[in-house]
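Trainee: Here you go, this is my_file28.cif (mmCIF, C-alpha atoms).
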data_data
#
loop_
_atom_site.label_atom_id
_atom_site.label_comp_id
_atom_site.auth_asym_id
_atom_site.auth_seq_id
_atom_site.Cartn_x
_atom_site.Cartn_y
_atom_site.Cartn_z
CA MET H 1 -45.34 -25.14 45.35
CA LYS H 2 -47.35 -21.90 45.24
CA SER H 3 -44.52 -19.96 46.92
CA ILE H 4 -42.05 -21.24 44.30
CA TYR H 5 -44.38 -20.05 41.53
CA ILE H 6 -44.69 -16.59 43.14
CA LEU H 7 -40.88 -16.36 43.46
CA PHE H 8 -40.51 -17.31 39.80
CA VAL H 9 -42.96 -14.57 38.75
CA VAL H 10 -41.11 -11.97 40.86
CA LEU H 11 -37.77 -12.96 39.34
CA MET H 12 -39.20 -12.70 35.82
CA LEU H 13 -40.56 -9.21 36.54
CA VAL H 14 -37.19 -8.10 37.95
CA MET H 15 -35.35 -9.47 34.89
CA GLN H 16 -37.82 -7.77 32.56
CA GLY H 17 -37.35 -4.49 34.41
CA CYS H 18 -33.56 -4.79 34.13
CA SER H 19 -33.80 -5.58 30.42
CA GLU H 20 -36.02 -2.57 29.79
CA ALA H 21 -33.64 -0.35 31.76
CA ASP H 22 -30.63 -1.72 29.87
CA LEU H 23 -32.42 -1.21 26.56
CA LYS H 24 -33.27 2.38 27.47
CA LEU H 25 -29.65 3.05 28.42
CA TYR H 26 -28.45 1.35 25.25
CA SER H 27 -30.76 3.40 23.03
CA ASP H 28 -29.89 6.64 24.85
CA GLU H 29 -26.14 6.23 24.18
CA PRO H 30 -25.37 5.84 20.48
CA ARG H 31 -22.15 3.93 19.90
CA VAL H 32 -19.89 3.49 16.90
CA TYR H 33 -17.65 0.57 15.99
CA LEU H 34 -15.90 -0.96 12.99
CA GLY H 35 -17.95 -3.21 10.75
CA GLY H 36 -16.81 -6.01 8.45
CA TYR H 37 -14.53 -8.94 9.24
CA THR H 38 -11.05 -7.51 8.58
CA ARG H 39 -9.05 -4.90 10.46
CA GLU H 40 -6.45 -4.09 7.83
CA ALA H 41 -6.28 -3.06 4.19
CA SER H 42 -3.67 -1.85 1.71
CA THR H 43 -3.47 0.35 -1.33
CA THR H 44 -0.72 1.13 -3.81
CA PHE H 45 -0.13 3.58 -6.64
CA TYR H 46 2.13 1.01 -8.34
CA TYR H 47 -0.25 0.36 -11.25
CA ASP H 48 -1.41 3.97 -11.71
CA GLU H 49 -0.35 6.55 -14.29
CA ALA H 50 1.88 9.38 -13.10
CA ASP H 51 -0.98 11.88 -13.01
CA VAL H 52 -2.91 9.85 -10.42
CA VAL H 53 -2.02 11.50 -7.13
CA ARG H 54 -4.84 10.30 -4.83
CA ASP H 55 -6.35 6.99 -3.83
CA THR H 56 -9.06 6.05 -1.33
CA LEU H 57 -9.72 3.19 1.05
CA TYR H 58 -13.13 2.87 2.69
CA ILE H 59 -13.55 1.92 6.34
CA PRO H 60 -16.83 0.15 7.27
CA VAL H 61 -18.38 1.80 10.32
CA GLU H 62 -21.58 0.76 12.09
CA THR H 63 -23.58 2.20 14.97
CA MET H 64 -25.74 1.05 17.86
CA GLY H 65 -28.72 2.98 19.15
CA GLY H 66 -30.80 3.56 16.03
CA PRO H 67 -30.66 6.17 13.21
CA ARG H 68 -31.09 9.92 13.49
CA ASP H 69 -32.62 12.39 11.01
CA TYR H 70 -29.35 14.30 10.57
CA ASP H 71 -25.74 13.56 9.60
CA ARG H 72 -23.61 12.44 12.54
CA ALA H 73 -19.87 13.06 12.68
CA VAL H 74 -17.52 10.14 13.38
CA ALA H 75 -14.29 10.86 15.25
CA ILE H 76 -11.18 9.23 13.78
CA ARG H 77 -7.58 9.80 14.84
CA GLN H 78 -4.19 8.43 13.92
CA VAL H 79 -2.46 6.09 16.35
CA THR H 80 1.35 5.92 16.35
CA VAL H 81 2.82 2.52 15.53
CA TYR H 82 5.70 1.35 17.72
CA ASP H 83 8.22 -1.45 17.28
CA VAL H 84 9.10 -3.66 20.23
CA GLU H 85 12.36 -5.62 20.44
CA TYR H 86 12.78 -8.19 23.18
CA THR H 87 15.92 -9.39 24.93
CA ILE H 88 15.67 -13.12 25.53
CA GLU H 89 17.77 -15.10 27.98
CA ASN H 90 17.41 -18.86 28.29
CA GLY H 91 14.18 -18.70 26.31
CA VAL H 92 12.64 -16.07 28.61
CA LYS H 93 11.90 -12.43 27.77
CA VAL H 94 13.86 -10.34 30.26
CA ASP H 95 13.73 -6.88 28.72
CA SER H 96 12.21 -4.91 25.85
CA THR H 97 12.97 -1.79 23.84
CA VAL H 98 10.14 0.29 22.37
CA THR H 99 10.82 2.66 19.48
CA GLU H 100 8.55 4.57 17.14
CA ASN H 101 8.23 2.93 13.73
CA PRO H 102 9.98 5.18 11.17
CA TYR H 103 7.28 4.55 8.59
CA ASN H 104 4.21 5.96 10.27
CA ALA H 105 2.17 7.77 7.61
CA VAL H 106 2.33 11.56 7.88
CA ALA H 107 -0.84 13.67 7.73
CA GLY H 108 -0.86 16.09 4.79
CA LYS H 109 1.96 14.12 3.14
CA HIS H 110 0.69 10.56 2.85
CA PHE H 111 -2.99 11.10 3.61
CA VAL H 112 -5.54 13.89 3.99
CA SER H 113 -5.50 14.92 7.64
CA PHE H 114 -8.52 13.93 9.70
CA ASP H 115 -8.53 17.48 11.10
CA SER H 116 -9.00 19.01 7.65
CA GLU H 117 -12.37 20.33 6.51
CA GLU H 118 -12.28 17.96 3.53
CA ALA H 119 -11.96 14.91 5.76
CA LYS H 120 -14.48 16.11 8.32
CA GLN H 121 -17.17 16.44 5.66
CA LEU H 122 -16.61 12.78 4.72
CA MET H 123 -16.39 11.30 8.21
CA VAL H 124 -20.11 11.02 8.86
CA ILE H 125 -22.96 8.57 9.30
CA PRO H 126 -25.61 9.98 6.90
CA ALA H 127 -29.05 10.95 8.15
CA ASN H 128 -31.41 7.99 8.70
CA GLU H 129 -28.54 5.51 8.38
CA VAL H 130 -26.83 3.27 10.93
CA LYS H 131 -23.72 2.43 8.93
CA ALA H 132 -21.36 4.01 6.42
CA PHE H 133 -18.11 3.52 4.54
CA ILE H 134 -15.78 6.31 5.70
CA PRO H 135 -13.22 7.29 3.02
CA VAL H 136 -9.55 7.69 3.93
CA ILE H 137 -7.74 9.60 1.17
CA PHE H 138 -4.10 8.77 0.45
CA LEU H 139 -1.66 11.13 -1.27
CA ARG H 140 1.02 10.03 -3.74
CA ASP H 141 4.17 11.30 -2.08
CA PRO H 142 7.54 10.32 -3.66
CA SER H 143 8.57 8.61 -0.41
CA LEU H 144 6.01 5.86 -1.12
CA LYS H 145 8.26 4.56 -3.90
CA GLU H 146 10.99 3.81 -1.40
CA ASN H 147 9.08 2.55 1.62
CA VAL H 148 5.71 1.18 2.68
CA TYR H 149 3.93 3.44 5.18
CA THR H 150 1.41 2.47 7.84
CA LEU H 151 -1.60 4.49 8.92
CA LYS H 152 -3.16 3.07 12.06
CA ILE H 153 -6.46 4.69 12.92
CA GLN H 154 -8.77 4.58 15.91
CA LEU H 155 -12.40 5.54 16.39
CA GLY H 156 -13.03 7.92 19.27
CA ASP H 157 -15.75 9.50 21.36
CA ASN H 158 -17.43 12.72 20.31
CA ASP H 159 -20.72 14.53 20.88
CA GLU H 160 -22.55 12.01 18.70
CA PHE H 161 -21.06 8.67 19.68
CA LYS H 162 -19.31 6.71 22.34
CA ILE H 163 -17.03 4.03 21.03
CA GLY H 164 -18.40 0.50 21.36
CA GLY H 165 -16.91 -2.93 21.67
CA VAL H 166 -13.36 -4.13 22.35
CA LYS H 167 -10.09 -2.79 20.93
CA ASN H 168 -10.45 -4.85 17.75
CA ASP H 169 -13.69 -3.02 17.02
CA VAL H 170 -12.18 0.48 17.04
CA GLU H 171 -8.70 0.15 15.45
CA TYR H 172 -7.87 -0.35 11.78
CA THR H 173 -4.47 -0.59 10.06
CA LEU H 174 -3.99 0.82 6.55
CA ILE H 175 -0.93 0.31 4.37
CA CYS H 176 0.00 2.68 1.53
CA ALA H 177 2.83 2.52 -1.00
CA ASP H 178 3.87 3.24 -4.57
CA LYS H 179 5.38 -0.21 -4.97
CA LEU H 180 4.07 -3.75 -4.88
CA VAL H 181 2.32 -4.66 -1.62
CA LYS H 182 0.26 -7.67 -0.62
CA PRO H 183 -3.25 -7.25 -2.07
CA ASN H 184 -6.18 -7.34 0.32
CA PHE H 185 -7.51 -10.58 -1.19
CA TRP H 186 -4.33 -12.45 -0.22
CA GLY H 187 -5.37 -14.13 2.99
CA ASN H 188 -7.68 -11.41 4.36
CA TYR H 189 -11.00 -13.05 3.52
CA PRO H 190 -12.71 -15.73 5.66
CA TYR H 191 -12.29 -18.33 2.91
CA SER H 192 -9.05 -19.79 1.62
CA GLY H 193 -8.65 -16.90 -0.81
CA GLY H 194 -5.34 -16.09 -2.47
CA TYR H 195 -3.33 -17.63 0.34
CA GLY H 196 -4.97 -20.98 -0.24
CA ALA H 197 -4.29 -20.85 -3.96
CA PHE H 198 -0.89 -19.20 -4.14
CA GLY H 199 0.80 -19.90 -0.81
CA GLU H 200 2.75 -17.44 1.31
CA TYR H 201 3.01 -13.91 -0.07
CA SER H 202 6.31 -12.49 -1.30
CA THR H 203 7.18 -9.55 -3.53
CA ARG H 204 9.12 -11.68 -6.03
CA LYS H 205 6.24 -14.14 -6.30
CA HIS H 206 3.87 -11.23 -6.91
CA GLU H 207 6.17 -9.86 -9.64
CA PHE H 208 6.37 -13.31 -11.25
CA MET H 209 2.57 -13.64 -11.34
CA ILE H 210 2.39 -10.31 -13.16
CA GLU H 211 5.09 -11.44 -15.60
CA VAL H 212 3.28 -14.71 -16.33
CA THR H 213 -0.18 -13.23 -16.86
CA GLY H 214 0.64 -9.74 -18.14
CA GLU H 215 -2.14 -8.61 -15.79
CA LYS H 216 -2.42 -6.50 -12.65
CA ILE H 217 -2.51 -8.97 -9.80
CA ASN H 218 -4.63 -6.87 -7.47
CA ASP H 219 -8.04 -6.93 -5.81
CA GLU H 220 -9.84 -6.05 -9.03
CA TRP H 221 -8.18 -9.00 -10.79
CA TRP H 222 -9.19 -11.35 -7.97
CA ASN H 223 -12.77 -10.10 -7.81
CA THR H 224 -13.41 -10.11 -11.57
CA LYS H 225 -11.33 -13.03 -12.83
CA VAL H 226 -10.98 -15.51 -9.97
CA TYR H 227 -13.40 -15.24 -7.06
CA GLY H 228 -16.70 -16.96 -7.66
CA ILE H 229 -15.69 -18.21 -11.13
CA SER H 230 -15.77 -21.99 -11.38
CA GLY H 231 -12.29 -23.45 -11.98
CA ALA H 232 -10.56 -20.05 -12.17
CA GLN H 233 -8.52 -20.42 -9.00
CA ASN H 234 -7.26 -23.86 -10.02
CA HIS H 235 -6.52 -22.57 -13.55
CA TYR H 236 -4.22 -19.83 -12.27
CA GLN H 237 -2.64 -22.10 -9.69
CA VAL H 238 -1.63 -24.59 -12.41
CA LYS H 239 -0.55 -21.74 -14.70
CA PHE H 240 1.83 -20.29 -12.12
CA LYS H 241 3.24 -23.67 -11.05
CA THR H 242 3.89 -24.65 -14.67
CA ALA H 243 5.59 -21.34 -15.43
CA LEU H 244 7.76 -21.62 -12.32
CA ASP H 245 8.82 -25.18 -13.21
CA ARG H 246 9.74 -23.97 -16.68
CA TYR H 247 11.74 -21.07 -15.22
CA ASN H 248 13.59 -23.26 -12.72
CA ASN H 249 14.51 -25.85 -15.38
CA ASP H 250 15.67 -23.33 -17.95
CA PRO H 251 19.43 -24.00 -18.52
CA VAL H 252 20.09 -20.27 -18.93
CA ASN H 253 18.50 -19.46 -15.56
CA ILE H 254 20.35 -22.35 -13.91
CA ALA H 255 23.71 -21.25 -15.34
CA SER H 256 23.19 -17.64 -14.24
CA GLY H 257 22.18 -18.63 -10.73
CA ALA H 258 18.68 -17.20 -11.14
CA ALA H 259 17.14 -20.67 -10.76
CA PRO H 260 15.71 -21.93 -8.60
CA MET H 261 13.81 -18.69 -8.10
CA ARG H 262 14.21 -17.07 -4.69
CA GLU H 263 12.77 -13.97 -3.06
CA VAL H 264 16.20 -12.32 -3.42
CA GLU H 265 18.00 -13.53 -6.53
CA GLY H 266 21.46 -14.94 -5.81
CA ASP H 267 20.97 -15.06 -2.05
CA LEU H 268 21.05 -18.74 -1.09
CA SER H 269 19.61 -17.93 2.34
CA SER H 270 16.54 -16.32 0.76
CA LYS H 271 13.30 -18.32 0.62
CA LEU H 272 12.51 -20.34 -2.48
CA ILE H 273 9.46 -19.20 -4.44
CA THR H 274 6.81 -21.93 -4.48
CA PHE H 275 3.16 -22.33 -5.43
CA LYS H 276 0.90 -24.86 -3.75
#
Will you turn the file into structure tokens for me?

Mentor:
Amino acid sequence: MKSIYILFVVLMLVMQGCSEADLKLYSDEPRVYLGGYTREASTTFYYDEADVVRDTLYIPVETMGGPRDYDRAVAIRQVTVYDVEYTIENGVKVDSTVTENPYNAVAGKHFVSFDSEEAKQLMVIPANEVKAFIPVIFLRDPSLKENVYTLKIQLGDNDEFKIGGVKNDVEYTLICADKLVKPNFWGNYPYSGGYGAFGEYSTRKHEFMIEVTGEKINDEWWNTKVYGISGAQNHYQVKFKTALDRYNNDPVNIASGAAPMREVEGDLSSKLITFK
């Protein structure tokens, strides 16, 4: 019995020594990773006046290893987005074709380059802090009216930090446009959110919601008029369903073929617009 006790004590001392060594290593190597619960966000100039030529999304970044008494640079780079098409035979993938997505955002055209002095001054963890919101500045290029562009970014190693965690903790996808895009509230939060109230997203549905309310259906609208306000979500859900029923039963819309409302008007193969 005594020998078992001695063995137990030895094992505890070894484990304690390992923990202290691991802690020392951990504290000696500051690491950086993405904070928050989402890994994608979008922004659009659709609602802005013509003289608004910049917009900003903020990326939550956190560190391990404790604060420092000076600003620490965070390394961020763009990652190219590729499209993959598969050839399927008898239900089995037998081949694939990889091509670069034509709508990768272009530095200096769609966003302020991460290599620029302006961006470098913003990509920092401030002194005595262990987290920050890093701004990514988008530019209002005319091409955003025609297509939605994707900026995929990745945290990297530098003199201040090693990257920490798995792939999901270092990569973030940003969408920019000058047309309607799915707002961040629509299905990105860990509660039912807009998806629970309004069903699957579509551009035509989004346009219809704007027509019905006369309001900007964006994140500000959600955060100030719906989220956390008792009965607000149900109010808007009923409002949109009632308006859609009225639209679909309007004899003029039926005669013209506009009703029932679809994502693409007149295309019978296009999805019907519905609200839960």

Trainee: Restricting the calculation to only C-alpha atoms: of H:Tyr46, H:Phe111, H:Phe161, H:Tyr70, which residue gets closest to Ile217 in chain H?

Mentor: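 Closest to Ile217 in chain H, using only C-alpha atoms: H:Tyr46.
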
Trainee: From the set H:Pro142, H:Gly266, H:Gly156, H:Gly228, which residue has the shortest atom-to-atom contact distance to Val32 in chain H, counting all atoms listed in the file?

Mentor: H:Gly156

Trainee: Looking at H:Met123, H:Cys176, H:Val212, H:Leu151, which one is nearest to Phe45 in chain H, with distances taken over all atoms listed in the file?

Mentor: H:Cys176

Trainee: What does the PyMOL selection byres ((chain H and resi 162) around 8) select in this file, as a VMD selection string?

Mentor: chain H and resid 29 to 32 156 to 158 160 to 161 163 to 164

Trainee: For the atom pair CA of Phe185 in chain H and CA of Trp222 in chain H, what is the interatomic distance in Å to one decimal place?

Mentor: 7.0 Å

Trainee: Which residue gives the smallest distance to Val130 in chain H among H:Gly36, H:Gly66, H:Pro183, H:Pro60, with all atoms listed in the file counted?

Mentor: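 Closest candidate: H:Gly66.
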
Trainee: The PyMOL selection byres ((chain H and resi 77) around 6) - which residues does that actually catch in the file I just gave you? List them as a tab-separated table (two decimals) with C-alpha atoms, in the coordinates of the input.

Mentor:
chain	number	residue	atom	x	y	z
H	76	ILE	CA	-11.18	9.23	13.78
H	78	GLN	CA	-4.19	8.43	13.92
H	153	ILE	CA	-6.46	4.69	12.92
H	154	GLN	CA	-8.77	4.58	15.91

Trainee: Find the residue from H:Val84, H:Val61, H:Asn147, H:Asn168 that sits nearest to Val124 in chain H; use all atoms listed in the file when measuring.

Mentor: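 Once distances to Val124 in chain H are computed over all atoms listed in the file, the minimum belongs to H:Val61.
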
Trainee: Kindly reconstruct range 162-181 of chain H with N, CA and C atoms and present the result as an mmCIF file, keeping the file's coordinate frame.

Mentor:
data_model
loop_
_atom_site.group_PDB
_atom_site.id
_atom_site.type_symbol
_atom_site.label_atom_id
_atom_site.label_comp_id
_atom_site.auth_asym_id
_atom_site.auth_seq_id
_atom_site.Cartn_x
_atom_site.Cartn_y
_atom_site.Cartn_z
ATOM 1 N N LYS H 162 -20.324 7.346 21.523
ATOM 2 C CA LYS H 162 -19.310 6.710 22.340
ATOM 3 C C LYS H 162 -18.767 5.553 21.509
ATOM 4 N N ILE H 163 -17.538 5.178 21.770
ATOM 5 C CA ILE H 163 -17.030 4.030 21.030
ATOM 6 C C ILE H 163 -17.580 2.771 21.675
ATOM 7 N N GLY H 164 -17.813 1.734 20.863
ATOM 8 C CA GLY H 164 -18.400 0.500 21.360
ATOM 9 C C GLY H 164 -17.532 -0.687 21.079
ATOM 10 N N GLY H 165 -17.620 -1.686 21.923
ATOM 11 C CA GLY H 165 -16.910 -2.930 21.670
ATOM 12 C C GLY H 165 -15.493 -2.924 22.226
ATOM 13 N N VAL H 166 -14.729 -3.968 21.890
ATOM 14 C CA VAL H 166 -13.360 -4.130 22.350
ATOM 15 C C VAL H 166 -12.406 -3.440 21.397
ATOM 16 N N LYS H 167 -11.111 -3.504 21.711
ATOM 17 C CA LYS H 167 -10.090 -2.790 20.930
ATOM 18 C C LYS H 167 -10.148 -3.153 19.450
ATOM 19 N N ASN H 168 -10.403 -4.421 19.141
ATOM 20 C CA ASN H 168 -10.450 -4.850 17.750
ATOM 21 C C ASN H 168 -11.584 -4.183 16.967
ATOM 22 N N ASP H 169 -12.559 -3.640 17.683
ATOM 23 C CA ASP H 169 -13.690 -3.020 17.020
ATOM 24 C C ASP H 169 -13.506 -1.527 16.783
ATOM 25 N N VAL H 170 -12.376 -0.967 17.208
ATOM 26 C CA VAL H 170 -12.180 0.480 17.040
ATOM 27 C C VAL H 170 -10.861 0.833 16.367
ATOM 28 N N GLU H 171 -9.994 -0.143 16.092
ATOM 29 C CA GLU H 171 -8.700 0.150 15.450
ATOM 30 C C GLU H 171 -8.576 -0.558 14.109
ATOM 31 N N TYR H 172 -7.997 0.163 13.151
ATOM 32 C CA TYR H 172 -7.870 -0.350 11.780
ATOM 33 C C TYR H 172 -6.493 0.056 11.264
ATOM 34 N N THR H 173 -5.804 -0.855 10.588
ATOM 35 C CA THR H 173 -4.470 -0.590 10.060
ATOM 36 C C THR H 173 -4.519 -0.512 8.535
ATOM 37 N N LEU H 174 -4.013 0.595 7.985
ATOM 38 C CA LEU H 174 -3.990 0.820 6.550
ATOM 39 C C LEU H 174 -2.546 0.925 6.075
ATOM 40 N N ILE H 175 -2.273 0.298 4.946
ATOM 41 C CA ILE H 175 -0.930 0.310 4.370
ATOM 42 C C ILE H 175 -0.983 1.059 3.042
ATOM 43 N N CYS H 176 -0.051 1.965 2.817
ATOM 44 C CA CYS H 176 0.000 2.680 1.530
ATOM 45 C C CYS H 176 1.426 2.657 0.985
ATOM 46 N N ALA H 177 1.527 2.593 -0.351
ATOM 47 C CA ALA H 177 2.830 2.520 -1.000
ATOM 48 C C ALA H 177 2.688 2.914 -2.458
ATOM 49 N N ASP H 178 3.831 3.054 -3.112
ATOM 50 C CA ASP H 178 3.870 3.240 -4.570
ATOM 51 C C ASP H 178 4.774 2.166 -5.144
ATOM 52 N N LYS H 179 4.637 0.977 -4.564
ATOM 53 C CA LYS H 179 5.380 -0.210 -4.970
ATOM 54 C C LYS H 179 4.478 -1.401 -4.718
ATOM 55 N N LEU H 180 4.904 -2.572 -5.091
ATOM 56 C CA LEU H 180 4.070 -3.750 -4.880
ATOM 57 C C LEU H 180 3.874 -4.013 -3.386
ATOM 58 N N VAL H 181 2.636 -4.239 -2.989
ATOM 59 C CA VAL H 181 2.320 -4.660 -1.620
ATOM 60 C C VAL H 181 1.318 -5.803 -1.708
#
